[in-house]
>>> print(open('protein13.txt').read())   # compact mmCIF, C-alpha atoms and all ligand atoms
# COMPACT_ATOMS: atom_id res chain seq x y z
CA MET I 1106 -8.43 -20.99 -20.95
CA SER I 1107 -8.30 -18.73 -17.89
CA LEU I 1108 -9.71 -15.42 -16.80
CA ILE I 1109 -6.81 -13.15 -15.90
CA VAL I 1110 -6.87 -9.65 -14.42
CA GLN I 1111 -3.77 -7.68 -15.42
CA LYS I 1112 -3.04 -4.40 -13.65
CA PHE I 1113 -0.49 -1.95 -15.07
CA GLY I 1114 0.90 0.76 -12.78
CA GLY I 1115 1.93 4.33 -13.54
CA THR I 1116 5.39 3.69 -15.02
CA SER I 1117 3.95 0.87 -17.14
CA VAL I 1118 1.59 3.35 -18.88
CA ALA I 1119 3.87 6.41 -18.60
CA ASN I 1120 3.68 7.43 -22.29
CA PRO I 1121 2.14 6.34 -25.61
CA GLU I 1122 5.01 3.89 -26.30
CA ARG I 1123 4.57 2.21 -22.92
CA ILE I 1124 0.80 1.96 -23.45
CA LYS I 1125 1.41 0.32 -26.84
CA ALA I 1126 3.79 -2.12 -25.13
CA VAL I 1127 1.04 -2.93 -22.60
CA ALA I 1128 -1.36 -3.56 -25.49
CA ASP I 1129 1.19 -5.94 -27.07
CA LYS I 1130 1.50 -7.86 -23.82
CA VAL I 1131 -2.27 -8.10 -23.40
CA ALA I 1132 -2.64 -9.15 -27.06
CA LYS I 1133 -0.18 -11.99 -26.49
CA TYR I 1134 -2.24 -13.39 -23.58
CA LYS I 1135 -5.46 -12.92 -25.53
CA SER I 1136 -4.04 -14.84 -28.48
CA GLN I 1137 -3.34 -17.75 -26.11
CA GLY I 1138 -7.10 -17.95 -25.59
CA HIS I 1139 -7.38 -16.25 -22.17
CA ASP I 1140 -10.09 -13.82 -21.18
CA ILE I 1141 -8.45 -10.61 -20.02
CA ILE I 1142 -9.54 -7.70 -17.83
CA VAL I 1143 -6.97 -4.91 -17.75
CA VAL I 1144 -6.83 -2.36 -14.92
CA VAL I 1145 -4.71 0.74 -15.46
CA SER I 1146 -3.29 3.50 -13.27
CA ALA I 1147 -2.77 7.07 -14.41
CA MET I 1148 0.48 7.88 -16.24
CA SER I 1149 3.29 8.13 -13.69
CA GLY I 1150 3.43 11.56 -12.06
CA GLU I 1151 -0.06 12.43 -13.29
CA THR I 1152 -1.89 11.85 -9.98
CA ASN I 1153 0.70 13.95 -8.12
CA LYS I 1154 0.18 16.71 -10.65
CA LEU I 1155 -3.60 16.56 -10.18
CA VAL I 1156 -3.23 16.61 -6.39
CA SER I 1157 -1.06 19.74 -6.66
CA LEU I 1158 -3.64 21.41 -8.87
CA THR I 1159 -6.37 20.85 -6.26
CA GLN I 1160 -4.06 22.33 -3.61
CA GLU I 1161 -3.55 25.42 -5.71
CA MET I 1162 -7.27 26.06 -5.43
CA MET I 1163 -7.56 25.30 -1.72
CA THR I 1164 -4.91 24.37 0.88
CA GLN I 1165 -7.03 21.52 2.28
CA PRO I 1166 -9.06 20.59 -0.81
CA ASP I 1167 -12.71 19.69 -0.40
CA PRO I 1168 -12.64 15.86 -0.57
CA ARG I 1169 -15.54 15.40 -2.99
CA GLU I 1170 -14.03 17.78 -5.53
CA TYR I 1171 -10.52 16.38 -4.92
CA ASP I 1172 -11.79 12.94 -5.97
CA ILE I 1173 -13.36 14.27 -9.16
CA VAL I 1174 -10.04 15.81 -10.14
CA VAL I 1175 -7.56 13.11 -9.11
CA SER I 1176 -9.62 10.23 -10.53
CA SER I 1177 -9.37 11.72 -14.02
CA GLY I 1178 -5.85 10.42 -14.79
CA GLU I 1179 -7.07 6.83 -14.94
CA GLN I 1180 -9.88 7.70 -17.32
CA VAL I 1181 -7.30 8.91 -19.85
CA THR I 1182 -5.10 5.79 -19.67
CA SER I 1183 -8.06 3.38 -19.79
CA GLY I 1184 -9.31 4.93 -23.03
CA LEU I 1185 -5.81 5.10 -24.52
CA THR I 1186 -5.14 1.45 -23.67
CA ALA I 1187 -8.42 0.39 -25.30
CA LEU I 1188 -7.48 2.43 -28.39
CA ALA I 1189 -4.06 0.77 -28.55
CA LEU I 1190 -5.72 -2.66 -28.38
CA ILE I 1191 -8.33 -1.81 -31.03
CA ASN I 1192 -5.48 -0.62 -33.24
CA LEU I 1193 -4.00 -4.12 -32.95
CA GLY I 1194 -7.27 -5.57 -34.19
CA ILE I 1195 -8.47 -6.66 -30.73
CA LYS I 1196 -12.01 -6.03 -29.52
CA ALA I 1197 -11.61 -3.82 -26.47
CA LYS I 1198 -13.82 -1.60 -24.34
CA SER I 1199 -12.82 0.75 -21.55
CA TYR I 1200 -14.92 1.53 -18.49
CA ALA I 1201 -14.71 4.17 -15.77
CA GLY I 1202 -15.41 2.88 -12.24
CA HIS I 1203 -18.98 4.16 -12.16
CA GLN I 1204 -19.87 2.48 -15.46
CA ILE I 1205 -19.34 -1.01 -14.01
CA LYS I 1206 -20.69 0.12 -10.64
CA ILE I 1207 -17.60 -0.21 -8.51
CA LEU I 1208 -19.75 0.78 -5.56
CA THR I 1209 -17.85 2.28 -2.63
CA ASP I 1210 -18.69 3.95 0.65
CA ASP I 1211 -18.59 7.75 0.66
CA ALA I 1212 -15.24 8.17 2.44
CA TYR I 1213 -13.85 10.42 -0.30
CA THR I 1214 -10.08 10.10 -0.92
CA LYS I 1215 -9.95 6.69 0.80
CA ALA I 1216 -13.20 4.97 -0.10
CA ARG I 1217 -13.71 1.24 0.34
CA ILE I 1218 -15.17 -0.97 -2.38
CA LEU I 1219 -18.50 -2.51 -1.33
CA SER I 1220 -19.49 -4.37 -4.51
CA ILE I 1221 -18.88 -4.63 -8.24
CA ASP I 1222 -21.60 -5.35 -10.79
CA ASN I 1223 -20.11 -8.09 -12.94
CA LYS I 1224 -23.02 -8.46 -15.40
CA LYS I 1225 -21.75 -6.00 -18.00
CA ILE I 1226 -18.20 -7.35 -17.80
CA ASN I 1227 -19.35 -10.96 -18.15
CA THR I 1228 -21.46 -10.12 -21.20
CA ASP I 1229 -18.53 -8.31 -22.82
CA LEU I 1230 -16.15 -11.15 -22.03
CA GLU I 1231 -18.56 -13.65 -23.59
CA GLN I 1232 -18.50 -11.50 -26.72
CA GLY I 1233 -14.71 -11.68 -26.83
CA TYR I 1234 -13.87 -8.18 -25.59
CA VAL I 1235 -10.81 -7.27 -23.57
CA ILE I 1236 -12.15 -5.03 -20.80
CA VAL I 1237 -10.02 -2.09 -19.68
CA VAL I 1238 -11.01 -0.61 -16.33
CA ALA I 1239 -9.85 2.73 -14.92
CA GLY I 1240 -8.24 1.89 -11.57
CA PHE I 1241 -8.36 3.85 -8.31
CA GLN I 1242 -11.96 5.06 -8.71
CA GLY I 1243 -15.48 4.09 -7.77
CA VAL I 1244 -18.87 5.61 -7.19
CA ASP I 1245 -20.88 5.96 -3.98
CA LYS I 1246 -24.60 5.31 -3.56
CA ASN I 1247 -25.38 8.94 -4.43
CA GLY I 1248 -23.58 8.62 -7.75
CA ASP I 1249 -20.59 10.69 -6.60
CA ILE I 1250 -17.11 9.71 -7.81
CA THR I 1251 -14.77 8.41 -5.11
CA THR I 1252 -11.11 7.38 -5.05
CA LEU I 1253 -9.58 4.49 -3.15
CA GLY I 1254 -6.47 6.05 -1.60
CA ARG I 1255 -3.00 6.37 -3.19
CA GLY I 1256 -1.94 3.18 -4.91
CA GLY I 1257 -5.62 2.19 -5.12
CA SER I 1258 -5.50 0.69 -8.62
CA ASP I 1259 -4.00 -2.44 -7.03
CA THR I 1260 -7.20 -2.76 -5.01
CA THR I 1261 -9.40 -2.21 -8.07
CA ALA I 1262 -7.60 -5.10 -9.77
CA VAL I 1263 -7.87 -7.50 -6.84
CA ALA I 1264 -11.50 -6.59 -6.16
CA ILE I 1265 -12.40 -7.21 -9.82
CA ALA I 1266 -10.52 -10.52 -9.72
CA ALA I 1267 -12.52 -11.47 -6.61
CA ALA I 1268 -15.87 -10.37 -8.06
CA LEU I 1269 -15.30 -12.17 -11.37
CA LYS I 1270 -13.62 -15.20 -9.74
CA ALA I 1271 -10.57 -14.74 -11.95
CA ASP I 1272 -7.96 -17.47 -12.06
CA GLU I 1273 -5.15 -15.00 -11.37
CA CYS I 1274 -4.56 -11.33 -10.68
CA GLN I 1275 -1.25 -10.10 -12.12
CA ILE I 1276 0.15 -6.78 -10.88
CA TYR I 1277 2.61 -5.50 -13.48
CA THR I 1278 5.01 -2.86 -12.20
CA ASP I 1279 8.53 -1.46 -12.62
CA VAL I 1280 10.25 -4.20 -10.57
CA ASP I 1281 10.09 -7.91 -11.35
CA GLY I 1282 8.60 -9.03 -8.04
CA ILE I 1283 8.62 -8.55 -4.28
CA TYR I 1284 12.13 -8.11 -2.89
CA THR I 1285 13.59 -8.49 0.59
CA THR I 1286 13.46 -4.70 0.73
CA ASP I 1287 13.03 -1.84 -1.75
CA PRO I 1288 15.63 -2.69 -4.43
CA ARG I 1289 15.97 1.01 -5.21
CA LEU I 1290 17.52 1.56 -1.79
CA VAL I 1291 19.40 -1.73 -1.41
CA PRO I 1292 20.71 -3.04 -4.74
CA GLU I 1293 21.63 -6.37 -3.05
CA ALA I 1294 17.96 -6.98 -2.18
CA ARG I 1295 16.87 -10.45 -3.28
CA LYS I 1296 13.75 -11.25 -5.24
CA LEU I 1297 11.39 -13.64 -3.46
CA LYS I 1298 9.76 -16.45 -5.45
CA SER I 1299 6.88 -16.45 -3.01
CA ILE I 1300 5.79 -14.66 0.11
CA THR I 1301 3.01 -15.54 2.53
CA PHE I 1302 -0.11 -13.42 2.51
CA GLU I 1303 0.49 -12.60 6.19
CA GLU I 1304 4.00 -11.28 5.50
CA MET I 1305 2.89 -9.32 2.44
CA LEU I 1306 0.13 -7.69 4.45
CA GLU I 1307 2.66 -6.59 7.09
CA LEU I 1308 5.19 -5.35 4.50
CA ALA I 1309 2.51 -3.36 2.67
CA SER I 1310 0.98 -1.85 5.77
CA LEU I 1311 4.45 -0.99 7.12
CA GLY I 1312 5.36 1.01 4.04
CA SER I 1313 6.35 -1.23 1.09
CA LYS I 1314 4.28 0.59 -1.48
CA VAL I 1315 4.70 -2.11 -4.11
CA LEU I 1316 1.13 -3.22 -3.24
CA GLN I 1317 -1.59 -1.13 -1.61
CA THR I 1318 -2.42 -2.69 1.77
CA ARG I 1319 -6.10 -2.99 0.97
CA SER I 1320 -5.36 -4.98 -2.17
CA VAL I 1321 -3.54 -7.57 -0.04
CA GLU I 1322 -6.40 -7.61 2.50
CA CYS I 1323 -8.87 -8.15 -0.32
CA ALA I 1324 -6.75 -10.94 -1.84
CA GLY I 1325 -6.68 -12.62 1.58
CA LYS I 1326 -10.40 -12.32 2.14
CA PHE I 1327 -11.38 -13.72 -1.25
CA LYS I 1328 -8.36 -16.00 -1.77
CA VAL I 1329 -7.37 -14.26 -5.00
CA LYS I 1330 -4.25 -15.73 -6.61
CA LEU I 1331 -2.02 -12.66 -6.67
CA ARG I 1332 1.28 -12.27 -8.50
CA VAL I 1333 3.61 -9.24 -8.82
CA LEU I 1334 5.74 -9.06 -11.95
CA SER I 1335 7.52 -6.69 -14.32
CA SER I 1336 5.82 -5.02 -17.23
CA PHE I 1337 9.24 -4.28 -18.69
CA GLU I 1338 10.39 -7.89 -19.10
CA ALA I 1339 9.00 -10.36 -21.58
CA ALA I 1340 9.03 -13.39 -19.29
CA GLY I 1341 9.42 -14.15 -15.60
CA GLU I 1342 7.45 -15.73 -12.82
CA GLY I 1343 7.49 -12.66 -10.56
CA THR I 1344 6.49 -13.25 -6.93
CA ILE I 1345 3.39 -15.19 -5.95
CA ILE I 1346 1.55 -14.44 -2.72
CA THR I 1347 0.74 -17.74 -0.98
CA PHE I 1348 -1.95 -18.43 1.60
CA GLU I 1349 -0.55 -21.47 3.32
CA GLU I 1350 2.58 -21.10 5.40
CA ASP I 1351 3.13 -24.82 4.84
CA GLU I 1352 3.40 -24.32 1.09
CA LYS I 1353 6.94 -23.29 1.84
CA MET I 1354 8.77 -26.16 3.52
CA GLU I 1355 11.11 -23.77 5.24
CA ASN I 1356 10.53 -20.20 6.26
CA PRO I 1357 13.24 -17.61 6.50
CA ILE I 1358 13.32 -15.94 9.91
CA ILE I 1359 13.11 -12.52 8.28
CA SER I 1360 11.46 -12.18 4.86
CA GLY I 1361 11.80 -8.50 4.38
CA ILE I 1362 12.42 -4.98 5.63
CA ALA I 1363 9.78 -2.31 5.16
CA PHE I 1364 10.14 1.39 5.83
CA ASN I 1365 7.95 4.42 5.84
CA ARG I 1366 8.98 8.05 5.71
CA ASP I 1367 5.40 9.34 5.76
CA GLU I 1368 4.78 9.36 9.52
CA ALA I 1369 5.25 11.98 12.22
CA GLU I 1370 5.51 11.35 15.96
CA VAL I 1371 3.41 13.12 18.58
CA ASN I 1372 4.32 13.10 22.29
CA ILE I 1373 1.97 14.22 25.03
CA LEU I 1374 3.98 14.70 28.18
CA GLY I 1375 2.87 14.63 31.81
CA VAL I 1376 -0.53 13.03 31.27
CA PRO I 1377 -2.27 11.97 34.51
CA ASP I 1378 -1.99 8.17 34.69
CA LYS I 1379 -5.61 7.14 35.14
CA PRO I 1380 -8.17 4.89 33.39
CA GLY I 1381 -9.70 6.22 30.16
CA ILE I 1382 -6.83 8.55 29.32
CA ALA I 1383 -5.96 6.84 26.02
CA TYR I 1384 -9.56 7.22 24.88
CA GLN I 1385 -9.67 10.87 25.92
CA ILE I 1386 -6.56 11.56 23.84
CA LEU I 1387 -7.27 9.41 20.81
CA GLY I 1388 -11.07 9.79 20.67
CA PRO I 1389 -11.03 13.35 19.28
CA VAL I 1390 -8.25 12.39 16.84
CA ALA I 1391 -10.28 9.44 15.53
CA ASP I 1392 -13.41 11.61 15.32
CA ALA I 1393 -11.51 13.83 12.89
CA ASN I 1394 -10.95 10.74 10.67
CA ILE I 1395 -7.20 10.73 11.35
CA ASP I 1396 -5.56 7.29 11.30
CA VAL I 1397 -3.25 6.67 14.23
CA ASP I 1398 -0.47 4.11 13.83
CA MET I 1399 2.00 3.22 16.61
CA ILE I 1400 0.69 3.96 20.10
CA ILE I 1401 2.95 3.77 23.14
CA GLN I 1402 2.06 4.67 26.71
CA ASN I 1403 5.03 4.76 29.02
CA ILE I 1404 4.99 3.43 32.56
CA GLY I 1405 3.76 6.17 34.85
CA THR I 1406 5.85 7.77 37.59
CA ASP I 1407 4.37 9.97 40.31
CA GLY I 1408 0.90 9.56 38.82
CA ALA I 1409 1.87 10.98 35.42
CA THR I 1410 2.86 9.34 32.16
CA ASP I 1411 3.94 10.17 28.61
CA PHE I 1412 1.83 9.15 25.64
CA THR I 1413 3.28 8.76 22.13
CA PHE I 1414 1.66 7.96 18.79
CA THR I 1415 2.31 8.42 15.10
CA VAL I 1416 0.11 9.84 12.34
CA HIS I 1417 0.62 10.49 8.63
CA LYS I 1418 2.71 13.66 8.11
CA ARG I 1419 -0.15 15.16 6.14
CA ASP I 1420 -2.37 14.91 9.27
CA LEU I 1421 0.18 16.31 11.76
CA LYS I 1422 -1.01 19.91 11.79
CA LYS I 1423 -4.65 18.90 12.19
CA THR I 1424 -3.69 16.46 14.98
CA LEU I 1425 -1.73 19.12 16.88
CA ASP I 1426 -4.60 21.59 16.51
CA ILE I 1427 -6.99 19.03 18.02
CA LEU I 1428 -4.63 18.10 20.86
CA ASN I 1429 -3.92 21.72 21.77
CA SER I 1430 -7.51 22.89 21.55
CA LYS I 1431 -9.49 19.90 22.82
CA VAL I 1432 -7.21 17.52 24.70
CA LYS I 1433 -4.23 19.12 26.47
CA ASP I 1434 -6.05 21.16 29.11
CA HIS I 1435 -8.98 18.76 29.27
CA VAL I 1436 -6.78 15.81 30.36
CA GLY I 1437 -4.33 18.01 32.27
CA ALA I 1438 -1.25 17.23 30.14
CA LYS I 1439 1.90 19.34 30.55
CA GLU I 1440 3.12 19.61 26.98
CA VAL I 1441 2.45 18.46 23.40
CA LEU I 1442 5.55 17.88 21.23
CA SER I 1443 5.96 16.57 17.69
CA ASP I 1444 8.66 15.45 15.28
CA ASP I 1445 8.17 15.00 11.56
CA LYS I 1446 11.80 14.14 10.75
CA ILE I 1447 11.33 10.50 11.66
CA ALA I 1448 10.99 7.22 9.79
CA LYS I 1449 9.65 3.82 10.70
CA LEU I 1450 11.64 0.69 9.89
CA SER I 1451 10.20 -2.80 10.31
CA LEU I 1452 11.56 -6.33 10.10
CA VAL I 1453 8.92 -8.83 8.94
CA GLY I 1454 8.98 -12.63 8.92
CA VAL I 1455 6.73 -15.52 9.92
CA GLY I 1456 9.86 -17.36 11.09
CA MET I 1457 10.10 -14.84 13.96
CA LYS I 1458 7.23 -16.68 15.65
CA SER I 1459 9.56 -19.52 16.57
CA HIS I 1460 12.85 -17.66 16.86
CA ALA I 1461 14.06 -15.62 19.77
CA GLY I 1462 16.92 -13.16 19.42
CA VAL I 1463 15.74 -11.23 16.37
CA ALA I 1464 15.08 -8.08 18.38
CA SER I 1465 18.42 -8.17 20.18
CA LYS I 1466 20.29 -8.69 16.89
CA MET I 1467 18.37 -5.78 15.40
CA PHE I 1468 19.18 -3.46 18.29
CA ARG I 1469 22.83 -4.56 18.37
CA THR I 1470 23.19 -3.84 14.65
CA LEU I 1471 21.63 -0.39 15.01
CA SER I 1472 23.76 0.45 18.02
CA GLU I 1473 26.93 -0.58 16.14
CA GLU I 1474 25.89 1.96 13.48
CA ALA I 1475 25.29 4.54 16.26
CA ILE I 1476 21.66 4.83 15.21
CA ASN I 1477 19.28 5.97 17.90
CA ILE I 1478 15.83 4.35 18.29
CA SER I 1479 13.02 6.38 19.82
CA THR I 1480 10.08 3.97 19.81
CA ILE I 1481 9.70 0.19 19.44
CA SER I 1482 6.65 -1.94 18.78
CA THR I 1483 6.39 -5.67 18.09
CA SER I 1484 3.91 -8.29 17.00
CA GLU I 1485 4.26 -12.01 16.35
CA ILE I 1486 5.80 -11.52 12.92
CA LYS I 1487 7.26 -8.00 12.97
CA ILE I 1488 9.41 -5.55 14.91
CA SER I 1489 9.07 -1.85 14.14
CA VAL I 1490 11.27 0.99 15.33
CA ILE I 1491 11.07 4.73 14.90
CA LEU I 1492 14.35 6.44 14.15
CA GLU I 1493 15.62 9.72 12.75
CA GLU I 1494 14.77 10.03 9.06
CA LYS I 1495 18.36 10.83 8.18
CA SER I 1496 19.54 7.46 9.60
CA LEU I 1497 16.97 5.38 7.72
CA ASP I 1498 18.98 4.45 4.62
CA ASP I 1499 22.00 3.36 6.67
CA ALA I 1500 19.78 1.40 9.05
CA VAL I 1501 18.03 -0.52 6.26
CA LYS I 1502 21.34 -1.36 4.57
CA ALA I 1503 22.99 -2.46 7.84
CA LEU I 1504 20.06 -4.68 8.85
CA HIS I 1505 19.73 -6.19 5.37
CA LYS I 1506 23.38 -7.21 5.65
CA ALA I 1507 23.25 -8.32 9.30
CA PHE I 1508 20.30 -10.64 8.66
CA GLU I 1509 21.94 -11.85 5.42
CA LEU I 1510 18.82 -11.15 3.43
CA ASP I 1511 20.84 -11.15 0.23
CA LYS I 1512 21.44 -14.88 0.80
CA ASN I 1513 18.81 -17.57 0.61
CA ILE I 1514 18.91 -18.63 4.25
CA THR I 1515 16.10 -20.70 5.75
CA ILE I 1516 15.54 -22.29 9.13
P1 LIG K 1601 3.15 1.14 -9.73
O1 LIG K 1601 3.17 2.52 -10.29
O2 LIG K 1601 3.40 0.09 -10.78
O3 LIG K 1601 1.92 0.84 -8.91
P2 LIG K 1601 4.70 1.51 -7.32
O4 LIG K 1601 5.68 2.62 -7.40
O5 LIG K 1601 3.42 1.75 -6.60
O6 LIG K 1601 4.43 1.02 -8.82
O7 LIG K 1601 5.37 0.21 -6.69
C1 LIG K 1601 6.58 -0.29 -7.21
C2 LIG K 1601 7.74 0.22 -6.37
O8 LIG K 1601 7.65 -0.32 -5.06
C3 LIG K 1601 9.10 -0.21 -6.84
O9 LIG K 1601 9.59 0.64 -7.84
C4 LIG K 1601 9.95 -0.19 -5.57
O10 LIG K 1601 10.74 0.98 -5.48
C5 LIG K 1601 8.92 -0.13 -4.44
N1 LIG K 1601 9.12 -1.16 -3.40
C6 LIG K 1601 9.11 -0.91 -2.07
N2 LIG K 1601 9.36 -2.03 -1.37
C7 LIG K 1601 9.51 -3.02 -2.29
C8 LIG K 1601 9.79 -4.42 -2.17
N3 LIG K 1601 9.94 -5.03 -0.98
N4 LIG K 1601 9.88 -5.15 -3.32
C9 LIG K 1601 9.72 -4.56 -4.52
N5 LIG K 1601 9.48 -3.24 -4.69
C10 LIG K 1601 9.37 -2.47 -3.59
N1 LIG K 1602 -2.88 6.85 -9.75
C1 LIG K 1602 -3.14 6.57 -8.36
C2 LIG K 1602 -1.95 6.97 -7.50
O1 LIG K 1602 -0.96 7.45 -8.02
C3 LIG K 1602 -3.54 5.14 -8.12
C4 LIG K 1602 -2.48 4.11 -8.47
O2 LIG K 1602 -1.49 4.40 -9.13
O3 LIG K 1602 -2.67 2.96 -8.06
O4 LIG K 1602 -2.00 6.83 -6.31
MG MG K 1603 1.41 1.30 -6.91
>>> encode(input="protein13.txt", output="structure tokens")
Amino acid sequence: MSLIVQKFGGTSVANPERIKAVADKVAKYKSQGHDIIVVVSAMSGETNKLVSLTQEMMTQPDPREYDIVVSSGEQVTSGLTALALINLGIKAKSYAGHQIKILTDDAYTKARILSIDNKKINTDLEQGYVIVVAGFQGVDKNGDITTLGRGGSDTTAVAIAAALKADECQIYTDVDGIYTTDPRLVPEARKLKSITFEEMLELASLGSKVLQTRSVECAGKFKVKLRVLSSFEAAGEGTIITFEEDEKMENPIISGIAFNRDEAEVNILGVPDKPGIAYQILGPVADANIDVDMIIQNIGTDGATDFTFTVHKRDLKKTLDILNSKVKDHVGAKEVLSDDKIAKLSLVGVGMKSHAGVASKMFRTLSEEAINISTISTSEIKISVILEEKSLDDAVKALHKAFELDKNITI
């Protein structure tokens, strides 16, 4: 008998029929003698609807009130899922985040989980209940409701699995595992039987929204056995996230392609090339709680340089306001430019560590497609480029083909 955490995403609980299907699946595991904790998202589209409602009240919604509104979708599905289970004759209880003290910091809209009180859950499990937890939400030390960032139900599930020392955390979604790239864009994408934690962390943080990045971080920190699988199929192994590179005898050079259409690029031109300049530019941006992603400082000529970085599109206006009011004249920059019609594409693979030539093959492929690259950044296991948003689909397809990701090639 095992303790299993099963998380069901938005499309898996999209309507009453889907919720009943989730209850059937949970009932099957329960009847095999497992203890089950279910984590649910809001019905698909519901969180977007709630976000829009907050924006109708206020262009930049107050974060505390935003969290109260957008967290409500999960409360509905958790109760409905418990009802569907009870209707099948299964003892079930639903809990909102604050009821099982999913304690977070007070960074509304992107709070981090600090601890989970497992006493109540353990008592319920001992009494044979299936526990259904509303994902995406927590409570801060003042008792205020917080949310964990978009896609945050994944993190609720992994954090509960870590706190309760579950045997496995299963993320049920609308695809049957992790693919070499988003199968909705590239139908030839291949499902991976396993992927290393390191690669999954890169793919998630570079835009593959199949798992929230923090859920992968949390799985890594607490060594949670994490599996992604379909809620629409009866059987299937899905994709398992592994912790040891050696578990796979051979590693493909490239495991996957991630992309992200959510970023915008900011260029500060003619910045005096002197020590401390990066801090003077990025300090005020960080103080405004804006996350900065790629940062590139060009080689200076004639004592001046250009400085480029990317931010989430939603933060672009705020970033430009800060740069124009607090940074441009202060550092003596000539001009601040921006572009929000860009996308970031990244190749990820642990095999890159020991293989040269990946970058040149990538750039050759893109140049053959006449796709222009504006910014490049690399690490041991990834290469990212910024390109025009309109070229993204063609670029992903061309690279997927060039690196033969549809075939099972290993080194
Ligand atoms: P859920 O609502 O279940 O949390 P998400 O929409 O957050 O589901 O995540 C599942 C989606 O992630 C898939 O429908 C797919 O389009 C997308 N996705 C992006 N990259 C990948 C990938 N490499 N493998 C599988 N799915 C991916
Ligand atoms: N419902 C939330 C969202 O849409 C959380 C989640 O689905 O994981 O972002
Ligand atoms: Mg998701």
>>> residues_around(input="protein13.txt", residues="Ala1369 of chain I", least_positions_apart="6", cutoff="7 Å", atoms="all atoms listed in the file", output="MDAnalysis selection string")
chainID I and resid 1415:1418 1421 1444:1445 1447
>>> closest_residue(input="protein13.txt", among="I:Val1143, I:Leu1497, I:Ala1309, I:Ala1475", to="ligand MG 1603 (chain K)", atoms="only C-alpha atoms and all ligand atoms")
I:Ala1309
>>> residues_near_ligand(input="protein13.txt", ligand="ligand MG 1603 (chain K)", cutoff="7 Å", atoms="all atoms listed in the file", output="ChimeraX atom specification")
/I:1114,1256,1259,1314-1317
>>> closest_residue(input="protein13.txt", among="I:Phe1241, I:Tyr1384, I:Phe1327, I:Phe1348", to="ligand LIG 1602 (chain K)", atoms="only C-alpha atoms and all ligand atoms")
I:Phe1241
>>> residues_around(input="protein13.txt", residues="Lys1112 of chain I", least_positions_apart="2", cutoff="7 Å", atoms="all atoms listed in the file", output="PDB file with C-alpha atoms, keeping the file's coordinate frame")
ATOM      1  CA  VAL I1110      -6.870  -9.650 -14.420  1.00  0.00           C
ATOM      2  CA  GLY I1114       0.900   0.760 -12.780  1.00  0.00           C
ATOM      3  CA  VAL I1143      -6.970  -4.910 -17.750  1.00  0.00           C
ATOM      4  CA  VAL I1144      -6.830  -2.360 -14.920  1.00  0.00           C
ATOM      5  CA  VAL I1145      -4.710   0.740 -15.460  1.00  0.00           C
ATOM      6  CA  ASP I1259      -4.000  -2.440  -7.030  1.00  0.00           C
ATOM      7  CA  ALA I1262      -7.600  -5.100  -9.770  1.00  0.00           C
ATOM      8  CA  GLN I1275      -1.250 -10.100 -12.120  1.00  0.00           C
ATOM      9  CA  ILE I1276       0.150  -6.780 -10.880  1.00  0.00           C
ATOM     10  CA  TYR I1277       2.610  -5.500 -13.480  1.00  0.00           C
TER      11      TYR I1277
END
>>> closest_atom_pairs(input="protein13.txt", of="chain I", to="ligand LIG 1601 (chain K)", cutoff="7 Å", atoms="only C-alpha atoms and all ligand atoms", output="CSV")
residue,atom,partner,partner_atom,distance
I:Phe1113,CA,K:LIG1601,O2,6.1
I:Gly1114,CA,K:LIG1601,O2,3.3
I:Gly1115,CA,K:LIG1601,O1,3.9
I:Thr1116,CA,K:LIG1601,O1,5.4
I:Ser1117,CA,K:LIG1601,O2,6.4
I:Ser1149,CA,K:LIG1601,O1,6.6
I:Gly1256,CA,K:LIG1601,O5,5.8
I:Tyr1277,CA,K:LIG1601,O2,6.3
I:Thr1278,CA,K:LIG1601,O2,3.6
I:Asp1279,CA,K:LIG1601,O9,5.3
I:Val1280,CA,K:LIG1601,C3,5.6
I:Gly1282,CA,K:LIG1601,C9,5.8
I:Ile1283,CA,K:LIG1601,N4,3.8
I:Tyr1284,CA,K:LIG1601,N4,3.7
I:Thr1285,CA,K:LIG1601,N3,5.3
I:Thr1286,CA,K:LIG1601,N3,3.9
I:Asp1287,CA,K:LIG1601,N2,3.7
I:Pro1288,CA,K:LIG1601,N5,6.2
I:Arg1289,CA,K:LIG1601,O10,5.2
I:Ser1313,CA,K:LIG1601,N2,4.0
I:Lys1314,CA,K:LIG1601,O8,5.0
I:Val1315,CA,K:LIG1601,O7,3.5
I:Leu1316,CA,K:LIG1601,O5,6.4
I:Gly1361,CA,K:LIG1601,N3,6.7
I:Ala1363,CA,K:LIG1601,N2,6.5
>>> closest_residue(input="protein13.txt", among="I:Gly1254, I:Gly1138, I:Gly1184, I:Gly1462", to="ligand LIG 1602 (chain K)", atoms="all atoms listed in the file")
I:Gly1254
